[in-house]
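Novice: One file: work00.txt (compact mmCIF, N, CA and C atoms).
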# COMPACT_ATOMS: atom_id res chain seq x y z
N MET B 1 -1.19 9.62 -23.75
CA MET B 1 -2.63 9.66 -23.65
C MET B 1 -3.01 10.94 -22.89
N ASN B 2 -3.92 11.69 -23.45
CA ASN B 2 -4.42 12.89 -22.78
C ASN B 2 -5.75 12.59 -22.12
N ILE B 3 -5.88 13.01 -20.88
CA ILE B 3 -7.11 12.77 -20.13
C ILE B 3 -7.67 14.11 -19.70
N ASN B 4 -8.97 14.28 -19.90
CA ASN B 4 -9.63 15.50 -19.48
C ASN B 4 -9.56 15.59 -17.96
N LYS B 5 -9.21 16.74 -17.46
CA LYS B 5 -9.02 16.93 -16.02
C LYS B 5 -10.32 17.22 -15.26
N LYS B 6 -11.42 17.34 -15.99
CA LYS B 6 -12.70 17.64 -15.35
C LYS B 6 -13.15 16.44 -14.51
N TYR B 7 -13.50 16.72 -13.29
CA TYR B 7 -13.95 15.66 -12.39
C TYR B 7 -15.45 15.44 -12.53
N LEU B 8 -15.88 14.19 -12.30
CA LEU B 8 -17.30 13.86 -12.35
C LEU B 8 -17.94 14.16 -11.00
N GLU B 9 -19.22 14.46 -11.05
CA GLU B 9 -19.96 14.68 -9.81
C GLU B 9 -19.98 13.37 -9.01
N LYS B 10 -20.00 13.51 -7.70
CA LYS B 10 -19.93 12.34 -6.82
C LYS B 10 -21.06 11.34 -7.10
N ASN B 11 -22.28 11.81 -7.26
CA ASN B 11 -23.42 10.92 -7.50
C ASN B 11 -23.27 10.17 -8.83
N LEU B 12 -22.83 10.88 -9.85
CA LEU B 12 -22.64 10.26 -11.15
C LEU B 12 -21.53 9.22 -11.10
N LYS B 13 -20.47 9.55 -10.41
CA LYS B 13 -19.35 8.63 -10.26
C LYS B 13 -19.79 7.34 -9.57
N GLU B 14 -20.54 7.47 -8.49
CA GLU B 14 -21.03 6.30 -7.76
C GLU B 14 -21.95 5.45 -8.62
N GLU B 15 -22.80 6.10 -9.41
CA GLU B 15 -23.71 5.38 -10.30
C GLU B 15 -22.93 4.60 -11.37
N ILE B 16 -21.92 5.24 -11.94
CA ILE B 16 -21.09 4.59 -12.97
C ILE B 16 -20.40 3.36 -12.41
N TRP B 17 -19.76 3.50 -11.24
CA TRP B 17 -19.05 2.37 -10.64
C TRP B 17 -20.02 1.27 -10.23
N SER B 18 -21.21 1.65 -9.80
CA SER B 18 -22.22 0.66 -9.41
C SER B 18 -22.62 -0.19 -10.62
N HIS B 19 -22.85 0.46 -11.76
CA HIS B 19 -23.22 -0.28 -12.98
C HIS B 19 -22.07 -1.18 -13.44
N PHE B 20 -20.85 -0.67 -13.36
CA PHE B 20 -19.69 -1.45 -13.76
C PHE B 20 -19.54 -2.68 -12.87
N LEU B 21 -19.74 -2.50 -11.56
CA LEU B 21 -19.66 -3.62 -10.62
C LEU B 21 -20.73 -4.67 -10.92
N LYS B 22 -21.94 -4.23 -11.25
CA LYS B 22 -23.02 -5.18 -11.60
C LYS B 22 -22.64 -5.99 -12.82
N ASP B 23 -22.03 -5.33 -13.83
CA ASP B 23 -21.59 -6.05 -15.03
C ASP B 23 -20.52 -7.08 -14.69
N ILE B 24 -19.59 -6.69 -13.85
CA ILE B 24 -18.51 -7.60 -13.47
C ILE B 24 -19.06 -8.80 -12.71
N LYS B 25 -20.04 -8.57 -11.85
CA LYS B 25 -20.63 -9.68 -11.09
C LYS B 25 -21.34 -10.68 -11.98
N LYS B 26 -21.76 -10.25 -13.17
CA LYS B 26 -22.43 -11.14 -14.12
C LYS B 26 -21.46 -12.11 -14.79
N ALA B 27 -20.17 -11.78 -14.77
CA ALA B 27 -19.17 -12.62 -15.41
C ALA B 27 -18.99 -13.91 -14.61
N HIS B 28 -19.05 -15.04 -15.32
CA HIS B 28 -18.89 -16.33 -14.66
C HIS B 28 -17.54 -16.97 -14.98
N SER B 29 -16.77 -16.33 -15.86
CA SER B 29 -15.46 -16.85 -16.22
C SER B 29 -14.56 -15.69 -16.62
N THR B 30 -13.27 -15.99 -16.75
CA THR B 30 -12.34 -14.95 -17.18
C THR B 30 -12.66 -14.50 -18.61
N LYS B 31 -13.20 -15.42 -19.41
CA LYS B 31 -13.59 -15.08 -20.78
C LYS B 31 -14.73 -14.04 -20.77
N ASP B 32 -15.71 -14.24 -19.90
CA ASP B 32 -16.82 -13.27 -19.76
C ASP B 32 -16.31 -11.92 -19.28
N LEU B 33 -15.40 -11.95 -18.32
CA LEU B 33 -14.84 -10.72 -17.78
C LEU B 33 -14.06 -9.96 -18.85
N LEU B 34 -13.30 -10.69 -19.67
CA LEU B 34 -12.56 -10.06 -20.75
C LEU B 34 -13.49 -9.42 -21.77
N LYS B 35 -14.61 -10.07 -22.05
CA LYS B 35 -15.60 -9.48 -22.98
C LYS B 35 -16.15 -8.17 -22.44
N ILE B 36 -16.41 -8.12 -21.14
CA ILE B 36 -16.90 -6.88 -20.52
C ILE B 36 -15.83 -5.79 -20.63
N CYS B 37 -14.60 -6.16 -20.34
CA CYS B 37 -13.50 -5.18 -20.42
C CYS B 37 -13.30 -4.68 -21.85
N GLU B 38 -13.46 -5.56 -22.82
CA GLU B 38 -13.29 -5.16 -24.23
C GLU B 38 -14.35 -4.17 -24.69
N ARG B 39 -15.51 -4.19 -24.04
CA ARG B 39 -16.56 -3.21 -24.37
C ARG B 39 -16.24 -1.83 -23.80
N VAL B 40 -15.45 -1.79 -22.72
CA VAL B 40 -15.21 -0.55 -22.00
C VAL B 40 -13.82 0.02 -22.27
N PHE B 41 -12.81 -0.85 -22.35
CA PHE B 41 -11.43 -0.39 -22.43
C PHE B 41 -10.84 -0.62 -23.82
N THR B 42 -9.81 0.17 -24.14
CA THR B 42 -9.05 -0.05 -25.37
C THR B 42 -8.10 -1.22 -25.14
N VAL B 43 -7.49 -1.72 -26.22
CA VAL B 43 -6.54 -2.82 -26.12
C VAL B 43 -5.37 -2.42 -25.20
N ASN B 44 -4.86 -1.19 -25.36
CA ASN B 44 -3.75 -0.74 -24.52
C ASN B 44 -4.14 -0.62 -23.05
N GLU B 45 -5.36 -0.18 -22.77
CA GLU B 45 -5.82 -0.09 -21.39
C GLU B 45 -5.95 -1.46 -20.75
N ILE B 46 -6.37 -2.45 -21.54
CA ILE B 46 -6.47 -3.82 -21.03
C ILE B 46 -5.08 -4.37 -20.73
N LYS B 47 -4.11 -4.10 -21.63
CA LYS B 47 -2.73 -4.55 -21.38
C LYS B 47 -2.18 -3.91 -20.11
N LEU B 48 -2.44 -2.63 -19.93
CA LEU B 48 -1.99 -1.92 -18.73
C LEU B 48 -2.61 -2.54 -17.48
N LEU B 49 -3.90 -2.82 -17.52
CA LEU B 49 -4.59 -3.43 -16.40
C LEU B 49 -4.02 -4.82 -16.11
N GLU B 50 -3.78 -5.60 -17.16
CA GLU B 50 -3.22 -6.95 -16.97
C GLU B 50 -1.83 -6.89 -16.33
N LYS B 51 -1.01 -5.94 -16.77
CA LYS B 51 0.33 -5.80 -16.17
C LYS B 51 0.23 -5.43 -14.70
N ARG B 52 -0.63 -4.49 -14.38
CA ARG B 52 -0.76 -4.07 -12.98
C ARG B 52 -1.32 -5.19 -12.11
N LEU B 53 -2.27 -5.94 -12.64
CA LEU B 53 -2.79 -7.09 -11.89
C LEU B 53 -1.71 -8.16 -11.75
N GLY B 54 -0.88 -8.31 -12.78
CA GLY B 54 0.24 -9.24 -12.71
C GLY B 54 1.25 -8.83 -11.66
N ILE B 55 1.50 -7.52 -11.56
CA ILE B 55 2.40 -7.00 -10.53
C ILE B 55 1.87 -7.35 -9.15
N ILE B 56 0.58 -7.14 -8.93
CA ILE B 56 -0.03 -7.48 -7.64
C ILE B 56 0.14 -8.96 -7.34
N ASN B 57 -0.11 -9.80 -8.34
CA ASN B 57 0.01 -11.25 -8.18
C ASN B 57 1.44 -11.65 -7.82
N LEU B 58 2.42 -11.13 -8.56
CA LEU B 58 3.81 -11.51 -8.32
C LEU B 58 4.35 -10.93 -7.01
N LEU B 59 3.92 -9.72 -6.64
CA LEU B 59 4.31 -9.17 -5.34
C LEU B 59 3.79 -10.05 -4.21
N GLY B 60 2.56 -10.51 -4.37
CA GLY B 60 1.96 -11.39 -3.36
C GLY B 60 2.70 -12.71 -3.23
N LYS B 61 3.34 -13.16 -4.32
CA LYS B 61 4.10 -14.40 -4.30
C LYS B 61 5.53 -14.19 -3.81
N GLY B 62 5.90 -12.92 -3.55
CA GLY B 62 7.22 -12.63 -3.02
C GLY B 62 8.31 -12.37 -4.05
N TYR B 63 7.94 -12.14 -5.31
CA TYR B 63 8.94 -11.87 -6.33
C TYR B 63 9.61 -10.51 -6.08
N LYS B 64 10.87 -10.40 -6.51
CA LYS B 64 11.61 -9.15 -6.39
C LYS B 64 11.28 -8.24 -7.57
N TYR B 65 11.55 -6.96 -7.40
CA TYR B 65 11.28 -5.97 -8.45
C TYR B 65 11.92 -6.37 -9.78
N ARG B 66 13.18 -6.78 -9.73
CA ARG B 66 13.89 -7.12 -10.96
C ARG B 66 13.20 -8.26 -11.70
N ASP B 67 12.79 -9.29 -10.97
CA ASP B 67 12.12 -10.44 -11.58
C ASP B 67 10.78 -10.04 -12.18
N ILE B 68 10.03 -9.23 -11.45
CA ILE B 68 8.74 -8.76 -11.94
C ILE B 68 8.94 -7.94 -13.21
N GLY B 69 9.94 -7.07 -13.20
CA GLY B 69 10.25 -6.25 -14.37
C GLY B 69 10.57 -7.09 -15.59
N GLU B 70 11.35 -8.15 -15.40
CA GLU B 70 11.71 -9.02 -16.52
C GLU B 70 10.52 -9.83 -17.02
N ILE B 71 9.71 -10.33 -16.12
CA ILE B 71 8.56 -11.17 -16.50
C ILE B 71 7.50 -10.35 -17.22
N LEU B 72 7.19 -9.17 -16.68
CA LEU B 72 6.08 -8.36 -17.21
C LEU B 72 6.51 -7.18 -18.06
N ASP B 73 7.82 -6.98 -18.19
CA ASP B 73 8.35 -5.81 -18.89
C ASP B 73 7.78 -4.54 -18.26
N ALA B 74 7.90 -4.47 -16.94
CA ALA B 74 7.38 -3.34 -16.17
C ALA B 74 8.54 -2.56 -15.56
N MET B 75 8.38 -1.26 -15.48
CA MET B 75 9.41 -0.39 -14.91
C MET B 75 9.35 -0.46 -13.38
N PRO B 76 10.49 -0.31 -12.72
CA PRO B 76 10.51 -0.31 -11.25
C PRO B 76 9.59 0.75 -10.64
N THR B 77 9.46 1.90 -11.32
CA THR B 77 8.57 2.95 -10.78
C THR B 77 7.12 2.49 -10.80
N THR B 78 6.73 1.76 -11.83
CA THR B 78 5.36 1.24 -11.90
C THR B 78 5.13 0.20 -10.81
N ILE B 79 6.10 -0.67 -10.61
CA ILE B 79 5.99 -1.69 -9.57
C ILE B 79 5.88 -1.02 -8.20
N ALA B 80 6.70 -0.01 -7.97
CA ALA B 80 6.67 0.71 -6.69
C ALA B 80 5.33 1.41 -6.49
N PHE B 81 4.78 1.99 -7.57
CA PHE B 81 3.49 2.68 -7.49
C PHE B 81 2.39 1.69 -7.10
N VAL B 82 2.39 0.53 -7.73
CA VAL B 82 1.38 -0.49 -7.42
C VAL B 82 1.54 -0.99 -5.99
N LYS B 83 2.80 -1.21 -5.57
CA LYS B 83 3.06 -1.68 -4.21
C LYS B 83 2.62 -0.65 -3.19
N LYS B 84 2.85 0.62 -3.49
CA LYS B 84 2.42 1.70 -2.60
C LYS B 84 0.90 1.70 -2.46
N GLY B 85 0.20 1.49 -3.57
CA GLY B 85 -1.26 1.41 -3.53
C GLY B 85 -1.76 0.25 -2.70
N LEU B 86 -1.04 -0.88 -2.79
CA LEU B 86 -1.42 -2.04 -1.99
C LEU B 86 -1.20 -1.78 -0.50
N ARG B 87 -0.10 -1.08 -0.20
CA ARG B 87 0.16 -0.75 1.20
C ARG B 87 -0.93 0.15 1.75
N LYS B 88 -1.38 1.10 0.92
CA LYS B 88 -2.45 1.99 1.37
C LYS B 88 -3.71 1.20 1.67
N SER B 89 -3.97 0.18 0.86
CA SER B 89 -5.16 -0.64 1.10
C SER B 89 -4.89 -1.75 2.10
N LYS B 90 -3.66 -1.81 2.62
CA LYS B 90 -3.25 -2.75 3.67
C LYS B 90 -3.37 -4.20 3.25
N LYS B 91 -3.16 -4.48 1.93
CA LYS B 91 -3.17 -5.87 1.48
C LYS B 91 -1.79 -6.50 1.60
N ILE B 92 -0.76 -5.67 1.62
CA ILE B 92 0.61 -6.15 1.82
C ILE B 92 1.16 -5.43 3.03
N LYS B 93 1.76 -6.18 3.94
CA LYS B 93 2.35 -5.55 5.12
C LYS B 93 3.55 -4.71 4.71
N LYS B 94 3.71 -3.59 5.36
CA LYS B 94 4.82 -2.69 5.07
C LYS B 94 6.12 -3.33 5.56
N GLU B 95 7.09 -3.48 4.62
CA GLU B 95 8.37 -4.06 4.99
C GLU B 95 9.21 -3.04 5.73
N LYS B 96 10.16 -3.55 6.49
CA LYS B 96 11.11 -2.68 7.16
C LYS B 96 12.08 -2.13 6.12
N LYS B 97 12.68 -0.96 6.39
CA LYS B 97 13.61 -0.35 5.46
C LYS B 97 14.83 -1.22 5.20
N GLU B 98 15.26 -2.00 6.19
CA GLU B 98 16.45 -2.80 6.00
C GLU B 98 16.18 -4.11 5.26
N ASP B 99 14.94 -4.36 4.87
CA ASP B 99 14.59 -5.57 4.13
C ASP B 99 15.24 -5.52 2.75
N LYS B 100 16.12 -6.47 2.45
CA LYS B 100 16.87 -6.40 1.19
C LYS B 100 15.99 -6.65 -0.03
N ASP B 101 14.84 -7.31 0.11
CA ASP B 101 13.95 -7.52 -1.03
C ASP B 101 13.35 -6.21 -1.52
N PHE B 102 13.31 -5.20 -0.66
CA PHE B 102 12.71 -3.93 -1.02
C PHE B 102 13.64 -3.08 -1.87
N SER B 103 14.95 -3.37 -1.84
CA SER B 103 15.94 -2.58 -2.56
C SER B 103 15.84 -2.82 -4.06
N LEU B 104 15.88 -1.74 -4.83
CA LEU B 104 15.84 -1.85 -6.28
C LEU B 104 17.13 -2.43 -6.83
N PHE B 105 18.25 -2.26 -6.12
CA PHE B 105 19.54 -2.71 -6.60
C PHE B 105 19.99 -4.01 -5.97
N GLY B 106 19.11 -4.68 -5.27
CA GLY B 106 19.45 -5.96 -4.67
C GLY B 106 20.58 -5.83 -3.67
N ASP B 107 21.62 -6.65 -3.84
CA ASP B 107 22.71 -6.69 -2.89
C ASP B 107 23.96 -5.98 -3.42
N PHE B 108 23.84 -5.17 -4.48
CA PHE B 108 24.99 -4.50 -5.09
C PHE B 108 25.74 -3.61 -4.12
N ALA B 109 25.05 -2.89 -3.28
CA ALA B 109 25.69 -1.92 -2.40
C ALA B 109 26.64 -2.59 -1.41
N ASN B 110 26.43 -3.85 -1.11
CA ASN B 110 27.26 -4.55 -0.13
C ASN B 110 28.42 -5.32 -0.75
N LYS B 111 28.46 -5.43 -2.08
CA LYS B 111 29.51 -6.19 -2.74
C LYS B 111 30.71 -5.31 -3.05
N LYS B 112 31.92 -5.88 -2.90
CA LYS B 112 33.13 -5.13 -3.20
C LYS B 112 33.31 -4.91 -4.68
N ASN B 113 32.89 -5.84 -5.52
CA ASN B 113 33.04 -5.73 -6.97
C ASN B 113 31.81 -5.09 -7.61
N SER B 114 31.18 -4.23 -6.90
CA SER B 114 29.97 -3.59 -7.39
C SER B 114 30.26 -2.64 -8.54
N LYS B 115 29.32 -2.50 -9.46
CA LYS B 115 29.43 -1.54 -10.56
C LYS B 115 29.17 -0.13 -10.06
N PHE B 116 28.57 0.00 -8.90
CA PHE B 116 28.23 1.30 -8.36
C PHE B 116 29.34 1.76 -7.43
N PRO B 117 29.80 3.01 -7.57
CA PRO B 117 30.85 3.49 -6.68
C PRO B 117 30.34 3.64 -5.26
N THR B 118 31.26 3.46 -4.30
CA THR B 118 30.87 3.66 -2.91
C THR B 118 30.72 5.14 -2.64
N SER B 119 29.86 5.49 -1.72
CA SER B 119 29.66 6.90 -1.40
C SER B 119 30.79 7.37 -0.49
N TYR B 120 31.16 8.61 -0.65
CA TYR B 120 32.22 9.19 0.17
C TYR B 120 31.60 9.95 1.32
N SER B 121 32.28 9.94 2.45
CA SER B 121 31.81 10.69 3.59
C SER B 121 33.01 11.33 4.28
N GLY B 122 32.76 12.32 5.03
CA GLY B 122 33.84 12.97 5.76
C GLY B 122 34.27 14.28 5.14
N LYS B 123 35.37 14.78 5.63
CA LYS B 123 35.83 16.12 5.27
C LYS B 123 36.18 16.28 3.79
N GLY B 124 36.84 15.33 3.17
CA GLY B 124 37.31 15.46 1.79
C GLY B 124 36.41 14.80 0.77
N ARG B 125 35.14 14.69 1.03
CA ARG B 125 34.26 13.93 0.15
C ARG B 125 34.08 14.54 -1.24
N TRP B 126 34.32 15.84 -1.40
CA TRP B 126 34.13 16.47 -2.71
C TRP B 126 35.40 16.49 -3.54
N ARG B 127 36.50 16.03 -2.99
CA ARG B 127 37.76 16.00 -3.73
C ARG B 127 37.77 14.78 -4.66
N VAL B 128 38.36 14.94 -5.81
CA VAL B 128 38.42 13.84 -6.77
C VAL B 128 39.76 13.18 -6.72
Is it possible to give me this structure as C-alpha cells?
Specialist:
Amino acid sequence: MNINKKYLEKNLKEEIWSHFLKDIKKAHSTKDLLKICERVFTVNEIKLLEKRLGIINLLGKGYKYRDIGEILDAMPTTIAFVKKGLRKSKKIKKEKKEDKDFSLFGDFANKKNSKFPTSYSGKGRWRV
C-alpha cells in the first residue's frame, strides 16, 4: 500500500478526528460501529484494525507472543509494535528484561536440547 507522505494541517487534522469521534459515539452496538468503519475503511484496513485490537486484547489477558501469533496469524514484529505503543500510552506496565513471557523464543535458550546453538564466549569464540 502506498501512502502519500504529505501531512495534514493541524487544524484540519483535529477537525477530521473530531468528526470521526462524533460518528463513533453515535454507535450503540458493534454492528453500528462496523457500519461506520465500512464507510471509511477498506476491507483490508478493517482486518488490520481487528488484528491489532485483538493483539491488545490478548496481551491484556497475558497471552504469549507465540500464542497470539497462532490465534491471529500475526507476526512477532507486529505484536511487539502494538505492545510498544501500549507501553507508550502506559496501558500495560513495562515488564522487566528477565521476564520470560517477554522472550520471543520462550524457554529455548535455557534448554540443553535446544534447536538454537549456544553462544560462544572467550578467546577462541571465532574458531570452528
Novice: Quote the spacing between atom CA of Arg87 of chain B and atom C of Phe20 of chain B in Å to one decimal place.
Specialist: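 Taking atom CA of Arg87 of chain B and atom C of Phe20 of chain B, their separation equals 24.3 Å.
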Novice: Grab the atom C of Ala80 of chain B to atom C of Gly62 of chain B distance for me, in Å with one decimal place.
Specialist: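 Distance reported for this atom pair: 14.3 Å.
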Novice: Kindly give the distance, in Å, that separates atom CA of Gly60 of chain B and atom N of Lys88 of chain B, rounded to a single decimal.
Specialist: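 One can read the atom CA of Gly60 of chain B to atom N of Lys88 of chain B distance as 13.6 Å.
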Novice: As an mmCIF file with N, CA and C atoms, keeping the file's coordinate frame, please: the residues near Lys51 of chain B (cut-off 8 Å, only N, CA and C atoms, same-chain neighbours under 6 positions excluded).
Specialist:
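Contents of the output file around20.cif:
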data_model
loop_
_atom_site.group_PDB
_atom_site.id
_atom_site.type_symbol
_atom_site.label_atom_id
_atom_site.label_comp_id
_atom_site.auth_asym_id
_atom_site.auth_seq_id
_atom_site.Cartn_x
_atom_site.Cartn_y
_atom_site.Cartn_z
ATOM 1 N N GLU B 45 -5.360 -0.180 -22.770
ATOM 2 C CA GLU B 45 -5.820 -0.090 -21.390
ATOM 3 C C GLU B 45 -5.950 -1.460 -20.750
ATOM 4 N N ASN B 57 -0.110 -9.800 -8.340
ATOM 5 C CA ASN B 57 0.010 -11.250 -8.180
ATOM 6 C C ASN B 57 1.440 -11.650 -7.820
ATOM 7 N N LEU B 72 7.190 -9.170 -16.680
ATOM 8 C CA LEU B 72 6.080 -8.360 -17.210
ATOM 9 C C LEU B 72 6.510 -7.180 -18.060
ATOM 10 N N ASP B 73 7.820 -6.980 -18.190
ATOM 11 C CA ASP B 73 8.350 -5.810 -18.890
ATOM 12 C C ASP B 73 7.780 -4.540 -18.260
ATOM 13 N N ALA B 74 7.900 -4.470 -16.940
ATOM 14 C CA ALA B 74 7.380 -3.340 -16.170
ATOM 15 C C ALA B 74 8.540 -2.560 -15.560
#
Novice: Would you please give, as a PyMOL selection string, all residues of segment 7-99 of chain B that DSSP assigns to alpha helix (DSSP H) based on the backbone?
Specialist: chain B and resi 10-26+30-40+43-60+65-72+76-88
